[in-house]
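Colleague: The structure's right below; bear with me while I get my questions together.
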Amino acid sequence: MSDLFERLRTWTPPADRVRVLAIDAHTAGEPLRVIVDGFPDPGGRTVLERRRGARDRLDHLRRALMWEPRGHADMYGCIVGPPTTNDADFSVLFTHNEGFSTMCGHGIIGVVTVVLECGGDAGAGGLSASADTDSALGDGAVRTLRIDTPAGLVRAWASLIDGRVSEVTFENVPSFAARLDATVDVEGIGAVRYDLAYGGAFYAYVDAEDFGLSLLPSETPRIIDLGRRIKAAVQHAEPPSHPDADDLGFMYGTIFVGPAHDPGGHSRNVCVFADGEVDRSPTGTGVSGRLALHHARREVEVGEAIEVESILGTRFRGRAVRTTSVGEYAAVVPEVSGRAWVTGRNELVLAPDDPLAHGFLLR
């Protein structure tokens with residue numbers, strides 16, 4: 001029996017299998033599967049071009065890695081690649097049950113944690129990460145990483161204690177309020193009030209109390225149903241557009257906003273994105289859009305921090321660090337902080353004769 005166990009421990013997949021190496025993590029409860037080897041290079045000079053290549057030629061592999069039996073309907077992924085600008089350390093493609101997203105806050109926090117704890121020797125700096133001395137990020141050492149995303153360059157700072165990443169703060173791409181107090185007719189619901197904001201992706205923000213929601217886990221099925229309907233209605237009635245790139249102009253999700261459940265929190269976010277995925281974290285790009293909306297309404301000043309809860313009660317901290325513009329829109333540059341944990345490592349295998357090799361979804 002001991003020989004059998006030893007063979008199992010040292011088993012190597014046959015040469016005809018597709019092998020993909022991944023490190024799994026979660027950020028404030030939201031999963032992140034970081035693909036570190038085995039995903040073909042999609043090509044392209046920019047990350048947006050790489051996103052198009054992955055979408056057009058490698059979507060079958062995205063489904064295999066995100067969908068069942070290797071994943072699930074709410075799985076989220078990050079494919080690490082070479083930098084596409086001179087300033088970056090590496091690039092990322094974010095992926096989910098529907099396709100490839102343009103930016104992801106929980107993904108940035110998660111991939112920085114994975115890179116430094118698992119591949120970058122966090123205790124010694126590792127990679128090309130540069131030392132930083134921003135005291136606001138904690139008493140330990142701080143490392144800086146610059147990451148090319150489809151939405152643009154993102155800079156992240158990781159606070160380290162005893163070789164562990166205790167917090168990640170990232171400066172997001174410029175975020176802006178695109179519509180305030182808009183109304184859309186939603187099938188089966190009627191007129192719905194919403195705000196539209198961009199925080200690396202476009203979201204329709206709605207008041208949870210308009211739907212009698214407390215934003216509890218037990219309400220998840222109804223939240224998914226409403227979120228899908230609202231997203232589809234806004235996309236159909238008036239699709240968003242981004243001044244910088246057509247590829248950034250689409251509805252990514254619906255965010256329900258309600259009161260914080262903990263007295264120390266500012267509010268609660270629950271995001272339904274992609275094909276009915278529910279974000280377990282407060283949604284980093286969603287918090288970025290919230291900051292843009294609050295600043296547009298003069299409810300939050302530059303430098304004023306807010307803490308936003310998730311459906312689980314986990315939190316991200318966010319603030320607008322400065323103002324800027326994106327095309328005709330007044331915008332802010334948001335900064336979001338949170339924490340991630342490494343949960344495992346995988347060698348995922350696809351057999352050539354497996355009829356379900358490229359995945360399926362059951363809800």
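We name chains A, B, ... following the order of the structure tokens; residues begin at 1 in each chain, and ligands are numbered from 1 as shown.
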Would you write out, as CSV, a table of all residues in stretch 127-205 of chain A that have an atom no more than 9 Å from an atom of stretch 79-102 of chain A, listing for each the closest atom pair and the distance in Å to one decimal, considering only C-alpha atoms and ordering rows by chain and rising residue number?

Modeller:
```
residue,atom,partner,partner_atom,distance
A:Leu127,CA,A:Asp89,CA,7.9
A:Ser128,CA,A:Asp89,CA,6.5
A:Ala129,CA,A:Asp89,CA,7.5
A:Leu145,CA,A:Asp89,CA,6.3
A:Arg146,CA,A:Ala88,CA,4.6
A:Ile147,CA,A:Ala88,CA,5.2
A:Asp148,CA,A:Ser91,CA,4.4
A:Thr149,CA,A:Val92,CA,5.5
A:Pro150,CA,A:Thr102,CA,4.9
A:Ala151,CA,A:Thr102,CA,5.4
A:Gly152,CA,A:Thr102,CA,8.8
A:Leu153,CA,A:Ala88,CA,7.4
A:Val154,CA,A:Ala88,CA,8.6
A:Arg155,CA,A:Ala88,CA,8.6
A:Gly200,CA,A:Thr102,CA,6.5
A:Ala201,CA,A:Thr102,CA,6.4
```

Colleague: Tell me, as a ChimeraX atom specification, which residues lie within 9 Å of A:Ala232, counting only C-alpha atoms; anything in the same chain fewer than 4 positions away does not count.

Modeller: /A:186,227-228,236-237,251,253

Colleague: Any idea what the distance is between atom CA of A:Leu312 and atom CA of A:Gly77?

Modeller: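 Between atom CA of A:Leu312 and atom CA of A:Gly77 the gap works out to 20.2 Å.
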
Colleague: Mind checking which residues fall within 12 Å of A:Arg345, counting only C-alpha atoms, ignoring those fewer than 6 positions away in the same chain, and posting them as a PyMOL selection string?

Modeller: chain A and resi 20-25+32-37+114+118

Colleague: One decimal, in Å: what's the spacing between atom CA of A:Ala330 and atom CA of A:His295?

Modeller: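 Taking atom CA of A:Ala330 as the start and atom CA of A:His295 as the end point, the length is 9.8 Å.
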
Colleague: What parts of stretch 268-299 of chain A does DSSP call strand (DSSP E or B)? I'd like the answer as a compact mmCIF listing (two decimals) with C-alpha atoms, in the first residue's frame.

Modeller:
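Once written, states-v5.txt looks like this:
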```
# COMPACT_ATOMS: atom_id res chain seq x y z
CA ARG A 268 -22.71 47.45 1.58
CA ASN A 269 -22.10 46.46 -2.07
CA VAL A 270 -23.38 43.32 -3.76
CA CYS A 271 -22.35 42.98 -7.39
CA VAL A 272 -23.92 40.67 -9.99
CA PHE A 273 -21.64 40.53 -13.03
CA GLU A 277 -21.95 35.75 -10.97
CA VAL A 278 -22.20 37.15 -7.46
```

Colleague: Just want the 9 Å neighbourhood of stretch 260-263 of chain A, counted on only C-alpha atoms, with same-chain residues fewer than 4 positions away dropped. Output as a PyMOL selection string.

Modeller: chain A and resi 214+267-269+308-309+313

Colleague: With N, CA and C atoms retained, export the selected residues as a compact mmCIF listing (two decimals), in the first residue's frame.

Modeller:
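Written file, result-v4.txt:
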```
# COMPACT_ATOMS: atom_id res chain seq x y z
N SER A 214 -32.03 43.39 1.92
CA SER A 214 -31.08 43.70 2.99
C SER A 214 -29.66 43.30 2.62
N SER A 267 -21.15 51.40 3.90
CA SER A 267 -22.27 50.89 3.12
C SER A 267 -21.96 49.45 2.74
N ARG A 268 -22.88 48.83 2.04
CA ARG A 268 -22.71 47.45 1.58
C ARG A 268 -22.92 47.39 0.07
N ASN A 269 -22.03 46.69 -0.62
CA ASN A 269 -22.10 46.46 -2.07
C ASN A 269 -22.37 44.99 -2.34
N VAL A 308 -16.37 49.68 2.58
CA VAL A 308 -17.56 49.10 1.95
C VAL A 308 -17.58 47.60 2.23
N GLU A 309 -18.73 47.11 2.69
CA GLU A 309 -18.91 45.70 3.02
C GLU A 309 -19.33 44.90 1.79
N GLY A 313 -19.86 40.43 4.56
CA GLY A 313 -19.42 41.31 5.63
C GLY A 313 -17.94 41.63 5.56
```

Colleague: Can you pull out the residues contacting A:Thr183? Cut-off 12 Å, using only C-alpha atoms, and skip same-chain residues under 2 positions away; I want them as a PyMOL selection string.

Modeller: chain A and resi 179-181+185-186+190-196+204-206+230+233-234+237-238

Colleague: Deliver the residues from the most recent selection as a file, using N, CA and C atoms, as a PDB file, in the first residue's frame.

Modeller:
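Result file is out-v3.pdb:
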```
ATOM      1  N   ARG A 179     -23.750  58.473 -15.689  1.00  0.00           N
ATOM      2  CA  ARG A 179     -25.144  58.900 -15.605  1.00  0.00           C
ATOM      3  C   ARG A 179     -25.540  58.952 -14.134  1.00  0.00           C
ATOM      4  N   LEU A 180     -26.272  59.991 -13.775  1.00  0.00           N
ATOM      5  CA  LEU A 180     -26.809  60.117 -12.430  1.00  0.00           C
ATOM      6  C   LEU A 180     -28.334  60.158 -12.512  1.00  0.00           C
ATOM      7  N   ASP A 181     -28.971  59.412 -11.620  1.00  0.00           N
ATOM      8  CA  ASP A 181     -30.441  59.423 -11.507  1.00  0.00           C
ATOM      9  C   ASP A 181     -31.125  59.098 -12.830  1.00  0.00           C
ATOM     10  N   ASP A 185     -36.543  50.942 -18.055  1.00  0.00           N
ATOM     11  CA  ASP A 185     -37.667  50.020 -17.905  1.00  0.00           C
ATOM     12  C   ASP A 185     -37.137  48.591 -17.940  1.00  0.00           C
ATOM     13  N   VAL A 186     -37.385  47.847 -16.872  1.00  0.00           N
ATOM     14  CA  VAL A 186     -36.847  46.504 -16.723  1.00  0.00           C
ATOM     15  C   VAL A 186     -37.986  45.495 -16.803  1.00  0.00           C
ATOM     16  N   GLY A 190     -40.489  46.961 -14.091  1.00  0.00           N
ATOM     17  CA  GLY A 190     -40.955  48.313 -14.366  1.00  0.00           C
ATOM     18  C   GLY A 190     -39.794  49.291 -14.366  1.00  0.00           C
ATOM     19  N   ALA A 191     -40.093  50.544 -14.055  1.00  0.00           N
ATOM     20  CA  ALA A 191     -39.073  51.587 -14.061  1.00  0.00           C
ATOM     21  C   ALA A 191     -38.128  51.400 -12.878  1.00  0.00           C
ATOM     22  N   VAL A 192     -36.829  51.442 -13.160  1.00  0.00           N
ATOM     23  CA  VAL A 192     -35.808  51.276 -12.126  1.00  0.00           C
ATOM     24  C   VAL A 192     -34.860  52.467 -12.178  1.00  0.00           C
ATOM     25  N   ARG A 193     -34.645  53.083 -11.023  1.00  0.00           N
ATOM     26  CA  ARG A 193     -33.673  54.169 -10.896  1.00  0.00           C
ATOM     27  C   ARG A 193     -32.265  53.585 -10.809  1.00  0.00           C
ATOM     28  N   TYR A 194     -31.310  54.206 -11.492  1.00  0.00           N
ATOM     29  CA  TYR A 194     -29.933  53.729 -11.400  1.00  0.00           C
ATOM     30  C   TYR A 194     -28.962  54.845 -11.722  1.00  0.00           C
ATOM     31  N   ASP A 195     -27.737  54.673 -11.267  1.00  0.00           N
ATOM     32  CA  ASP A 195     -26.594  55.478 -11.681  1.00  0.00           C
ATOM     33  C   ASP A 195     -25.667  54.572 -12.476  1.00  0.00           C
ATOM     34  N   LEU A 196     -24.983  55.150 -13.446  1.00  0.00           N
ATOM     35  CA  LEU A 196     -24.010  54.402 -14.234  1.00  0.00           C
ATOM     36  C   LEU A 196     -22.628  54.971 -13.967  1.00  0.00           C
ATOM     37  N   ALA A 204     -24.286  49.383 -13.368  1.00  0.00           N
ATOM     38  CA  ALA A 204     -25.486  50.102 -12.973  1.00  0.00           C
ATOM     39  C   ALA A 204     -25.629  49.950 -11.465  1.00  0.00           C
ATOM     40  N   TYR A 205     -25.683  51.072 -10.759  1.00  0.00           N
ATOM     41  CA  TYR A 205     -25.803  51.077  -9.300  1.00  0.00           C
ATOM     42  C   TYR A 205     -27.250  51.364  -8.928  1.00  0.00           C
ATOM     43  N   VAL A 206     -27.833  50.491  -8.112  1.00  0.00           N
ATOM     44  CA  VAL A 206     -29.224  50.653  -7.698  1.00  0.00           C
ATOM     45  C   VAL A 206     -29.318  50.570  -6.186  1.00  0.00           C
ATOM     46  N   ILE A 230     -31.626  43.934 -14.728  1.00  0.00           N
ATOM     47  CA  ILE A 230     -31.252  45.350 -14.793  1.00  0.00           C
ATOM     48  C   ILE A 230     -30.083  45.549 -15.759  1.00  0.00           C
ATOM     49  N   ALA A 233     -31.317  45.267 -19.300  1.00  0.00           N
ATOM     50  CA  ALA A 233     -32.166  46.391 -19.699  1.00  0.00           C
ATOM     51  C   ALA A 233     -31.334  47.621 -20.031  1.00  0.00           C
ATOM     52  N   VAL A 234     -30.317  47.919 -19.213  1.00  0.00           N
ATOM     53  CA  VAL A 234     -29.474  49.084 -19.474  1.00  0.00           C
ATOM     54  C   VAL A 234     -28.668  48.876 -20.755  1.00  0.00           C
ATOM     55  N   ALA A 237     -31.158  49.343 -23.638  1.00  0.00           N
ATOM     56  CA  ALA A 237     -31.744  50.675 -23.810  1.00  0.00           C
ATOM     57  C   ALA A 237     -30.713  51.727 -24.180  1.00  0.00           C
ATOM     58  N   GLU A 238     -29.552  51.691 -23.533  1.00  0.00           N
ATOM     59  CA  GLU A 238     -28.539  52.719 -23.769  1.00  0.00           C
ATOM     60  C   GLU A 238     -27.171  52.168 -23.390  1.00  0.00           C
TER      61      GLU A 238
END
```

Colleague: From a DSSP pass on the backbone, collect the residues of stretch 152-277 of chain A flagged as helix (DSSP H, G or I) and hand them back as a list of chain:residue names.

Modeller: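 Filtering stretch 152-277 of chain A to helix (DSSP H, G or I) leaves A:Ala208, A:Glu209, A:Asp210, A:Phe211, A:Pro217, A:Ser218, A:Glu219, A:Thr220, A:Pro221, A:Arg222, A:Ile223, A:Ile224, A:Asp225, A:Leu226, A:Gly227, A:Arg228, A:Arg229, A:Ile230, A:Lys231, A:Ala232, A:Ala233, A:Val234, A:Gln235, A:His236, A:Ala237, A:Asp246, A:Asp247, A:Leu248.
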